[in-house]
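Undergrad: Have a peek at work-v9.txt (compact mmCIF, C-alpha atoms).
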```
# COMPACT_ATOMS: atom_id res chain seq x y z
CA MET A 1 74.97 47.27 19.54
CA ALA A 2 72.13 49.75 19.21
CA GLY A 3 74.39 52.78 18.99
CA ASP A 4 74.84 53.47 22.72
CA THR A 5 78.59 53.00 22.61
CA ALA A 6 79.02 55.12 25.75
CA HIS A 7 77.53 52.28 27.80
CA VAL A 8 79.63 49.42 26.54
CA GLY A 9 80.48 47.87 29.87
CA ASN A 10 80.52 44.32 31.10
CA GLU A 11 76.74 44.05 31.13
CA SER A 12 76.29 44.73 27.47
CA GLN A 13 79.13 42.36 26.65
CA TRP A 14 77.42 39.51 28.49
CA GLY A 15 74.15 40.32 26.81
CA GLY A 16 75.30 38.59 23.63
CA GLY A 17 75.92 39.84 20.14
CA VAL A 18 79.29 41.37 21.05
CA GLN A 19 82.70 39.82 20.57
CA PRO A 20 84.91 41.09 23.42
CA PHE A 21 88.04 39.69 21.75
CA LYS A 22 86.88 40.78 18.28
CA ALA A 23 87.26 37.20 17.15
CA SER A 24 84.51 34.75 16.24
CA TYR A 25 83.67 31.79 18.45
CA GLY A 26 85.30 29.34 16.07
CA LYS A 27 88.53 31.27 15.77
CA LEU A 28 88.80 31.78 19.52
CA MET A 29 88.23 28.09 20.20
CA MET A 30 90.87 27.23 17.62
CA TRP A 31 93.31 29.37 19.61
CA TYR A 32 92.43 27.61 22.86
CA PHE A 33 92.65 24.21 21.26
CA LEU A 34 96.14 25.17 20.11
CA VAL A 35 97.06 26.23 23.65
CA SER A 36 96.05 22.80 24.95
CA ASP A 37 97.86 21.10 22.09
CA ALA A 38 100.97 23.13 22.88
CA PHE A 39 100.87 21.71 26.40
CA THR A 40 100.66 18.17 25.03
CA PHE A 41 103.69 18.72 22.85
CA ALA A 42 105.50 20.46 25.70
CA GLY A 43 104.84 17.39 27.86
CA PHE A 44 106.48 15.19 25.24
CA LEU A 45 109.49 17.46 24.78
CA ILE A 46 109.94 17.96 28.53
CA ALA A 47 109.93 14.17 28.98
CA TYR A 48 112.64 13.99 26.31
CA GLY A 49 114.70 16.65 28.09
CA ALA A 50 114.33 15.14 31.55
CA LEU A 51 115.30 11.65 30.33
CA ARG A 52 118.22 13.04 28.35
CA PHE A 53 119.49 14.90 31.41
CA SER A 54 119.16 11.75 33.52
CA THR A 55 121.28 9.56 31.24
CA PRO A 56 125.10 9.60 31.15
CA THR A 57 125.21 9.24 27.36
CA TRP A 58 122.73 10.20 24.66
CA PRO A 59 122.80 9.61 20.90
CA VAL A 60 124.35 12.56 19.08
CA PRO A 61 121.75 13.93 16.61
CA ASP A 62 124.42 14.94 14.07
CA PHE A 63 125.39 11.27 13.91
CA VAL A 64 121.92 9.74 14.02
CA PHE A 65 120.36 12.06 11.44
CA SER A 66 123.09 12.26 8.84
CA SER A 67 121.74 10.31 5.85
CA LEU A 68 120.34 11.70 2.63
CA PRO A 69 118.37 9.93 -0.12
CA GLY A 70 120.68 8.44 -2.74
CA GLY A 71 122.96 6.68 -0.29
CA ILE A 72 124.68 9.82 0.99
CA HIS A 73 125.95 9.56 4.55
CA HIS A 74 127.81 11.82 6.95
CA ALA A 75 125.74 14.88 6.01
CA PRO A 76 124.62 15.95 9.48
CA LEU A 77 121.28 17.77 9.72
CA ILE A 78 121.03 18.48 5.98
CA PHE A 79 117.98 16.35 5.29
CA VAL A 80 116.06 17.64 8.28
CA THR A 81 116.91 21.20 7.25
CA ILE A 82 115.31 20.48 3.88
CA MET A 83 112.22 19.18 5.74
CA THR A 84 112.13 22.39 7.76
CA PHE A 85 112.22 24.50 4.62
CA VAL A 86 109.39 22.48 3.05
CA LEU A 87 107.22 23.18 6.11
CA LEU A 88 108.20 26.87 6.27
CA PHE A 89 107.33 27.23 2.59
CA SER A 90 103.91 25.69 3.21
CA SER A 91 103.36 28.13 6.07
CA TYR A 92 104.02 31.00 3.67
CA THR A 93 101.60 29.65 1.05
CA MET A 94 99.01 29.21 3.82
CA VAL A 95 99.26 32.81 4.93
CA ARG A 96 98.88 33.89 1.32
CA ALA A 97 95.70 31.79 1.03
CA VAL A 98 94.30 33.55 4.11
CA GLY A 99 95.18 36.92 2.56
CA GLU A 100 93.36 36.03 -0.67
CA GLY A 101 90.39 34.92 1.40
CA HIS A 102 90.16 38.31 3.11
CA ARG A 103 89.65 39.96 -0.26
CA GLU A 104 87.18 37.22 -1.33
CA ASN A 105 89.35 35.99 -4.18
CA LYS A 106 88.23 32.39 -4.63
CA SER A 107 90.74 31.27 -7.26
CA GLY A 108 93.59 32.80 -5.24
CA VAL A 109 92.55 30.87 -2.13
CA VAL A 110 92.39 27.61 -4.07
CA LYS A 111 95.78 28.17 -5.68
CA TRP A 112 97.64 28.91 -2.43
CA MET A 113 95.82 26.17 -0.50
CA ALA A 114 96.76 23.64 -3.16
CA LEU A 115 100.41 24.67 -2.80
CA THR A 116 100.10 24.32 0.99
CA ILE A 117 98.79 20.78 0.57
CA VAL A 118 101.72 19.99 -1.74
CA GLY A 119 104.10 21.31 0.96
CA GLY A 120 102.41 19.22 3.66
CA LEU A 121 102.58 16.08 1.53
CA GLY A 122 106.23 16.84 0.75
CA PHE A 123 107.01 17.06 4.45
CA LEU A 124 105.19 13.78 5.12
CA GLY A 125 107.15 12.16 2.30
CA CYS A 126 110.42 13.32 3.83
CA GLN A 127 109.36 11.98 7.20
CA ALA A 128 108.37 8.64 5.67
CA TRP A 129 111.85 8.37 4.17
CA GLU A 130 113.50 9.31 7.47
CA TRP A 131 111.48 6.73 9.40
CA THR A 132 112.14 4.05 6.77
CA THR A 133 115.87 4.67 7.04
CA LEU A 134 115.80 4.46 10.82
CA ILE A 135 113.54 1.40 10.99
CA ALA A 136 114.56 -0.70 7.99
CA LYS A 137 118.24 0.19 7.57
CA GLU A 138 119.42 1.15 11.03
CA HIS A 139 116.99 -1.08 12.93
CA MET A 140 115.96 1.41 15.55
CA SER A 141 112.66 0.59 17.25
CA ILE A 142 110.72 1.84 20.25
CA TYR A 143 112.44 -0.92 22.24
CA THR A 144 115.95 -0.91 20.82
CA ASN A 145 118.35 1.93 20.21
CA PRO A 146 121.46 0.83 18.33
CA PHE A 147 122.94 4.35 18.47
CA GLY A 148 125.51 4.47 21.26
CA THR A 149 128.23 6.77 22.52
CA HIS A 150 131.66 5.73 23.75
CA THR A 151 132.44 6.73 27.33
CA GLU A 152 136.18 6.03 27.05
CA SER A 153 138.72 5.97 24.27
CA GLY A 154 140.13 2.80 22.76
CA THR A 155 140.92 0.73 19.66
CA TYR A 156 138.55 -1.46 17.65
CA LEU A 157 139.50 -5.13 17.46
CA ASP A 158 137.25 -5.85 14.47
CA GLY A 159 135.57 -3.89 11.67
CA ASP A 160 131.92 -3.51 10.70
CA GLY A 161 132.42 -3.63 6.92
CA HIS A 162 131.18 -0.03 6.59
CA ASP A 163 133.18 2.79 8.15
CA ILE A 164 135.16 1.04 10.86
CA LYS A 165 138.20 -1.20 10.32
CA ALA A 166 140.05 -3.24 12.91
CA GLY A 167 142.71 -1.06 14.48
CA ASP A 168 140.74 2.20 14.18
CA THR A 169 140.85 4.30 17.30
CA PHE A 170 138.06 6.30 18.91
CA GLU A 171 137.70 8.78 21.73
CA ALA A 172 135.24 9.23 24.57
CA GLY A 173 132.13 10.93 23.19
CA ASP A 174 132.40 9.37 19.73
CA SER A 175 129.19 7.87 18.33
CA TYR A 176 128.61 4.44 16.86
CA LEU A 177 125.82 2.42 15.30
CA ILE A 178 125.54 -1.27 16.11
CA HIS A 179 124.73 -3.08 12.85
CA LYS A 180 122.25 -5.88 12.42
CA HIS A 181 122.78 -8.58 9.79
CA ASN A 182 120.38 -11.46 9.12
CA GLY A 183 118.50 -10.78 12.33
CA ALA A 184 121.55 -10.78 14.59
CA TRP A 185 123.21 -7.76 16.21
CA HIS A 186 126.94 -7.35 15.72
CA PRO A 187 128.40 -5.14 18.44
CA LEU A 188 132.09 -4.56 17.75
CA LYS A 189 134.79 -5.58 20.19
CA TYR A 190 137.33 -3.02 21.29
CA ARG A 191 140.20 -2.60 23.73
CA THR A 192 140.13 0.40 26.03
CA GLU A 193 143.20 2.50 26.73
CA THR A 194 143.59 0.70 30.03
CA GLY A 195 143.80 -2.61 28.14
CA ILE A 196 140.39 -4.07 28.95
CA GLU A 197 138.44 -5.86 26.18
CA LYS A 198 134.84 -4.76 25.82
CA GLN A 199 132.12 -4.63 23.20
CA GLN A 200 129.74 -1.89 22.08
CA VAL A 201 126.60 -1.55 24.16
CA PHE A 202 123.20 -0.25 23.06
CA GLY A 203 122.34 3.39 23.60
CA PRO A 204 119.65 4.65 26.01
CA LYS A 205 116.47 2.73 25.30
CA ALA A 206 114.13 5.72 25.67
CA PHE A 207 115.58 7.42 22.59
CA GLY A 208 113.73 5.32 20.01
CA ALA A 209 110.36 5.55 21.73
CA LEU A 210 110.72 9.32 22.24
CA PHE A 211 111.74 9.84 18.64
CA PHE A 212 108.92 7.83 17.10
CA PHE A 213 106.25 9.16 19.46
CA ILE A 214 107.19 12.83 19.22
CA THR A 215 107.90 13.06 15.49
CA GLY A 216 105.00 10.65 14.94
CA PHE A 217 102.60 12.83 16.91
CA HIS A 218 103.78 15.85 14.95
CA GLY A 219 103.55 13.95 11.67
CA PHE A 220 100.00 12.95 12.59
CA HIS A 221 99.19 16.64 13.05
CA VAL A 222 100.63 17.38 9.62
CA PHE A 223 98.62 14.51 8.15
CA SER A 224 95.34 15.61 9.72
CA GLY A 225 96.17 19.19 8.68
CA VAL A 226 96.49 18.03 5.06
CA VAL A 227 93.12 16.25 5.31
CA PHE A 228 91.43 19.37 6.73
CA LEU A 229 93.09 21.58 4.12
CA LEU A 230 91.81 19.28 1.40
CA ILE A 231 88.24 19.33 2.73
CA ILE A 232 88.24 23.10 3.12
CA MET A 233 89.77 23.59 -0.31
CA LEU A 234 86.98 21.50 -1.83
CA ASN A 235 84.46 23.64 0.08
CA VAL A 236 86.11 26.78 -1.28
CA MET A 237 85.87 25.37 -4.81
CA SER A 238 82.21 24.55 -4.32
CA GLY A 239 81.55 28.20 -3.44
CA LEU A 240 80.32 27.42 0.10
CA TYR A 241 82.27 30.26 1.74
CA ILE A 242 81.17 32.88 -0.78
CA LYS A 243 77.67 32.61 0.72
CA ARG A 244 78.99 33.14 4.25
CA LYS A 245 80.48 36.52 3.33
CA ASN A 246 82.97 36.43 6.24
CA GLY A 247 86.25 36.70 4.34
CA TYR A 248 86.78 32.94 4.16
CA GLU A 249 87.11 32.63 7.92
CA MET A 250 87.28 28.83 7.69
CA VAL A 251 90.51 29.23 5.73
CA GLU A 252 91.82 31.49 8.48
CA LYS A 253 91.01 28.86 11.13
CA ILE A 254 92.77 26.02 9.33
CA GLY A 255 95.57 28.53 8.73
CA LEU A 256 96.00 28.96 12.49
CA TYR A 257 96.21 25.19 12.87
CA TRP A 258 98.71 24.88 10.05
CA HIS A 259 101.00 27.59 11.43
CA PHE A 260 100.84 25.89 14.80
CA VAL A 261 102.10 22.68 13.23
CA ASP A 262 105.00 24.71 11.83
CA LEU A 263 105.54 26.31 15.23
CA VAL A 264 105.75 22.92 16.94
CA TRP A 265 108.26 21.81 14.33
CA VAL A 266 110.48 24.78 15.28
CA PHE A 267 110.76 23.26 18.76
CA VAL A 268 110.96 19.62 17.66
CA PHE A 269 113.75 20.69 15.30
CA LEU A 270 115.47 22.52 18.15
CA VAL A 271 115.17 19.81 20.77
CA PHE A 272 115.68 16.71 18.62
CA TYR A 273 118.11 17.85 15.97
CA LEU A 274 119.94 21.03 16.95
CA LEU A 275 120.68 20.55 20.64
CA MET B 1 94.14 47.18 12.76
CA ALA B 2 93.99 44.75 9.92
CA LEU B 3 96.56 44.87 7.18
CA SER B 4 95.73 45.80 3.64
CA TYR B 5 96.28 43.07 1.06
CA GLU B 6 99.44 44.66 -0.36
CA GLU B 7 100.91 45.41 3.06
CA GLY B 8 100.24 41.84 4.13
CA LYS B 9 101.89 40.42 1.05
CA ARG B 10 105.04 42.44 1.70
CA ILE B 11 105.19 41.52 5.40
CA PHE B 12 104.59 37.81 4.74
CA LEU B 13 107.39 37.68 2.20
CA LYS B 14 109.73 39.52 4.58
CA THR B 15 108.77 37.19 7.46
CA ILE B 16 109.32 33.98 5.50
CA LEU B 17 112.72 35.24 4.29
CA ILE B 18 113.77 36.04 7.86
CA LEU B 19 112.53 32.63 9.05
CA GLY B 20 114.53 30.90 6.32
CA ALA B 21 117.63 32.93 7.10
CA ILE B 22 117.40 32.13 10.82
CA THR B 23 117.03 28.42 10.03
CA ILE B 24 120.17 28.50 7.90
CA CYS B 25 122.00 30.40 10.66
CA GLU B 26 120.86 27.82 13.23
CA VAL B 27 122.12 24.86 11.24
CA ALA B 28 125.36 26.63 10.27
CA PHE B 29 125.99 27.65 13.87
CA ALA B 30 125.23 24.12 15.12
CA LEU B 31 127.64 22.56 12.63
CA LEU B 32 130.31 25.21 13.19
CA GLY B 33 130.00 25.08 16.97
CA LYS B 34 130.36 21.32 17.03
CA GLY B 35 133.44 21.41 14.81
CA TYR B 36 131.99 20.00 11.55
CA ILE B 37 132.92 22.91 9.27
CA VAL B 38 136.33 23.96 10.59
CA GLU B 39 137.91 21.15 12.56
CA SER B 40 139.90 23.32 14.96
CA ILE B 41 136.93 25.44 16.03
CA GLU B 42 134.54 24.21 18.68
CA PHE B 43 132.29 26.35 20.88
CA PRO B 44 131.26 25.39 24.42
CA GLY B 45 127.95 23.51 24.60
CA TRP B 46 126.09 26.16 26.58
CA LEU B 47 126.92 28.80 23.94
CA VAL B 48 125.75 26.65 21.01
CA GLY B 49 122.61 25.62 22.94
CA GLY B 50 121.86 29.14 24.13
CA VAL B 51 122.16 30.74 20.70
CA MET B 52 120.00 27.98 19.18
CA ILE B 53 117.26 28.41 21.79
CA LEU B 54 117.32 32.18 21.28
CA MET B 55 116.98 31.85 17.49
CA SER B 56 114.13 29.35 17.89
CA VAL B 57 112.28 31.76 20.18
CA VAL B 58 112.62 34.50 17.53
CA LYS B 59 111.22 32.08 14.95
CA ALA B 60 108.32 31.23 17.26
CA TYR B 61 107.62 34.95 17.76
CA LEU B 62 107.54 35.58 14.00
CA ILE B 63 105.23 32.63 13.33
CA ILE B 64 102.79 33.53 16.12
CA TYR B 65 102.84 37.30 15.66
CA GLU B 66 102.97 37.64 11.87
CA PHE B 67 101.69 34.38 10.35
CA MET B 68 99.04 33.77 13.02
CA HIS B 69 98.17 37.50 13.18
CA MET B 70 98.65 37.67 16.93
CA LYS B 71 100.12 41.15 16.48
CA TYR B 72 96.71 42.42 15.35
CA GLU B 73 94.51 40.72 17.97
CA VAL B 74 93.10 42.51 21.05
CA LYS B 75 95.09 42.36 24.28
CA GLY B 76 92.73 40.03 26.12
CA LEU B 77 93.03 37.35 23.46
CA VAL B 78 96.82 37.67 23.37
CA ARG B 79 97.05 37.30 27.14
CA THR B 80 94.75 34.32 27.49
CA VAL B 81 96.74 32.47 24.85
CA LEU B 82 100.30 33.44 25.75
CA LEU B 83 100.27 33.64 29.56
CA PRO B 84 99.44 29.93 30.11
CA GLY B 85 102.27 29.18 27.73
CA PHE B 86 104.75 30.96 29.96
CA LEU B 87 103.96 28.45 32.74
CA LEU B 88 105.83 25.98 30.59
CA VAL B 89 109.08 27.89 31.09
CA TRP B 90 109.10 26.76 34.70
CA GLY B 91 107.97 23.30 33.63
CA VAL B 92 111.03 22.96 31.43
CA ILE B 93 113.42 24.24 34.10
CA ALA B 94 111.92 22.07 36.86
CA PHE B 95 111.98 18.84 34.88
CA LEU B 96 115.48 19.32 33.48
CA TRP B 97 116.65 20.08 37.00
CA ASP B 98 115.03 16.89 38.22
CA GLY B 99 116.50 14.94 35.33
CA ASP B 100 119.90 16.14 36.44
CA TYR B 101 119.13 14.91 39.95
CA TRP B 102 118.14 11.46 38.62
CA MET B 103 121.53 11.34 36.96
CA ASP B 104 123.25 12.11 40.28
CA ARG B 105 121.22 9.40 41.98
CA ARG B 106 122.15 6.96 39.24
CA ASP B 107 125.83 7.59 39.93
CA SER B 108 125.56 7.21 43.70
CA ASP B 109 123.31 4.15 43.42
CA SER B 110 125.82 2.24 41.35
CA THR B 111 128.97 3.15 43.26
CA GLN B 112 128.28 4.02 46.89
CA VAL B 113 125.14 2.33 48.10
CA GLU B 114 126.71 -1.11 48.30
CA LEU B 115 129.40 0.16 50.62
CA THR B 116 127.38 2.38 52.93
CA VAL B 117 123.89 0.96 53.49
CA PRO B 118 123.73 -0.93 56.79
CA THR B 119 122.09 -4.27 56.21
CA SER B 120 120.69 -5.49 59.55
CA GLU B 121 117.74 -3.09 59.84
CA HIS B 122 116.98 -3.47 56.17
CA HIS B 123 116.79 -7.23 56.52
CA ASP B 124 114.43 -7.01 59.45
CA GLY B 125 112.11 -4.92 57.36
CA GLU B 126 112.19 -7.42 54.56
CA MET B 127 111.57 -10.40 56.84
CA HIS B 128 108.57 -8.67 58.30
CA HIS B 129 107.25 -7.96 54.88
CA GLU B 130 107.66 -11.53 53.74
CA GLY B 131 105.91 -12.71 56.90
CA ASP B 132 102.93 -10.53 56.04
CA HIS B 133 102.81 -12.07 52.62
CA GLU B 134 102.70 -15.61 53.95
CA HIS B 135 99.94 -14.61 56.30
CA ASP B 136 97.94 -13.28 53.39
CA ASP B 137 98.45 -16.47 51.46
CA ASP B 138 97.10 -18.56 54.35
CA HIS B 139 93.83 -16.74 54.19
CA HIS B 140 93.29 -17.43 50.51
```
Spit out the file's structure as structure tokens when you get a sec.
TA:
Amino acid sequence: MAGDTAHVGNESQWGGGVQPFKASYGKLMMWYFLVSDAFTFAGFLIAYGALRFSTPTWPVPDFVFSSLPGGIHHAPLIFVTIMTFVLLFSSYTMVRAVGEGHRENKSGVVKWMALTIVGGLGFLGCQAWEWTTLIAKEHMSIYTNPFGTHTESGTYLDGDGHDIKAGDTFEAGDSYLIHKHNGAWHPLKYRTETGIEKQQVFGPKAFGALFFFITGFHGFHVFSGVVFLLIIMLNVMSGLYIKRKNGYEMVEKIGLYWHFVDLVWVFVFLVFYLL
Amino acid sequence: MALSYEEGKRIFLKTILILGAITICEVAFALLGKGYIVESIEFPGWLVGGVMILMSVVKAYLIIYEFMHMKYEVKGLVRTVLLPGFLLVWGVIAFLWDGDYWMDRRDSDSTQVELTVPTSEHHDGEMHHEGDHEHDDDHH
């Protein structure tokens, strides 16, 4: 550091006081934490993929995730697209907060961080609604998956009082939801093309557990992100980072975490909803 | 190296607009490919899946390189973060491959095993095993 830039070799780098990656300790460790976290999420998503590949049928996401608030059904992927936009928006406000921090603009940082927190809470609200629908209305749990797929075509012998009437036909690959009334499941009876009478069976059991654990783990990241954002925003307001004179680096670190949460959602969205 | 405030503002806005546009394209392509928008049109699964994965990778690139400033970090940092991540590509391939194999096993287990497995040797093995168990119990 003492001006002898010609001799900047390994020795001087190990001597301390130099940042080989031109990033502070905290920022670098945030990056490596995110690498390890990425592996955790990858483990979850790979488990999902391997189990999906190993099962003859799998719930069709366009059928499972097709409800909207206000009693709207049969709107595949629309609600989860809205969730994605909420999170993308909060990623944009986060990056703006980091930008304001670099030019030491305290009120700018607070404004954009507050908007990021609103986005995070909005996403969590959407997820709460999605989980409520799946748990309370459709009765999916980590043990039971009422979303099934027909493996052969046939004709229903009775109706479910919602979308299906007796006499309706279906084809192999069509999805169904087994309804639960007053604590009892009501799988519908049907006759296959070959004339055999059968009734709907539950879908692959792993689906519910995978869904709740993966989106839950991601949701927990969003939740803890909101908590950290709130703490750091309060610190910004108190003027703590002005004294540090490092361009609000703490905001940059939580920014990395927040973008990572958005990045993971890109892949959860891909694996769970699009494919 | 680092962006000026105004430059950054412009790039962030551009990036978020591209990310939003890709997301809309993804959903539209998924719904179109699976026959939800026009009933007569349906794309093969590998095409829909492939395009979706490609678009997601572009989104991941934009988030990491622009929003997380990876574009402006030194090479060593970029490598130590991204190279371990590429190990996962093989992880995904290997496990999906194995999942496919489990599916094959599932089919052959339910249809063929009953007909082909010879029983005499198998029984011997089981008897032996049970014998061991009884022996163990005596000692208790």
Undergrad: What's around region 220-222 of chain A at 7 Å? Count only C-alpha atoms, leave out sequence neighbours fewer than 4 positions away in its own chain, and write the answer as a ChimeraX atom specification.
TA: /A:120,216,226,261
Undergrad: Please provide as an MDAnalysis selection string all residues within 9 Å of Glu152 (chain A), with the sequence filter that same-chain residues fewer than 6 positions apart are discarded (counting all atoms listed in the file).
TA: chainID A and resid 170:174 192:193
Undergrad: Find the residues of chain A in contact range of chain B, meaning any atom within 9 Å when counting only C-alpha atoms, and list them as a PyMOL selection string.
TA: chain A and resi 20-23+28+31-32+34-35+38-39+42-43+45-47+49-56+62+76-78+81+84-85+88-89+91-92+94-96+99-100+102-103+252+255-256+259-260+262-264+266-267+270-271+274-275
Undergrad: Closest to His150 (chain A) among A:Ala97, A:Val80, A:Ala114, A:Leu177, using all atoms listed in the file?
TA: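 Using all atoms listed in the file, the shortest distance to His150 (chain A) belongs to A:Leu177.
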Undergrad: So what do you get for CA of Ala75 (chain A) versus CA of Thr93 (chain A), distance-wise?
TA: 28.7 Å
Undergrad: From the options A:Leu229, A:Lys253, A:Trp258, A:Ser24, which residue's atoms come nearest to Val110 (chain A), counting only C-alpha atoms?
TA: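 Checking each of A:Leu229, A:Lys253, A:Trp258, A:Ser24 against Val110 (chain A), counting only C-alpha atoms, the winner is A:Leu229.
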Undergrad: Once 4 Å is added on each side, what are the centre and the three edge lengths, in Å to one decimal, of the axis-aligned box enclosing the listed atoms of region 209-225 of chain A? Present them as JSON.
TA:
```
{"center_x": 103.5, "center_y": 12.4, "center_z": 15.2, "size_x": 24.4, "size_y": 21.6, "size_z": 22.1}
```
Undergrad: Which distance in Å separates CA of Ile72 (chain A) and CA of Thr132 (chain A), to one decimal?
TA: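 We find that CA of Ile72 (chain A) and CA of Thr132 (chain A) lie 15.0 Å from each other.
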Undergrad: Using all atoms listed in the file, collect all residues at a distance of at most 12 Å from (110.9, 3.6, 23.5) as written in the file, then present them as a count of residues only.
TA: 21
Undergrad: Could you please determine the separation between CA of Phe63 (chain A) and CA of Phe43 (chain B) in Å, to one decimal place?
TA: 18.0 Å
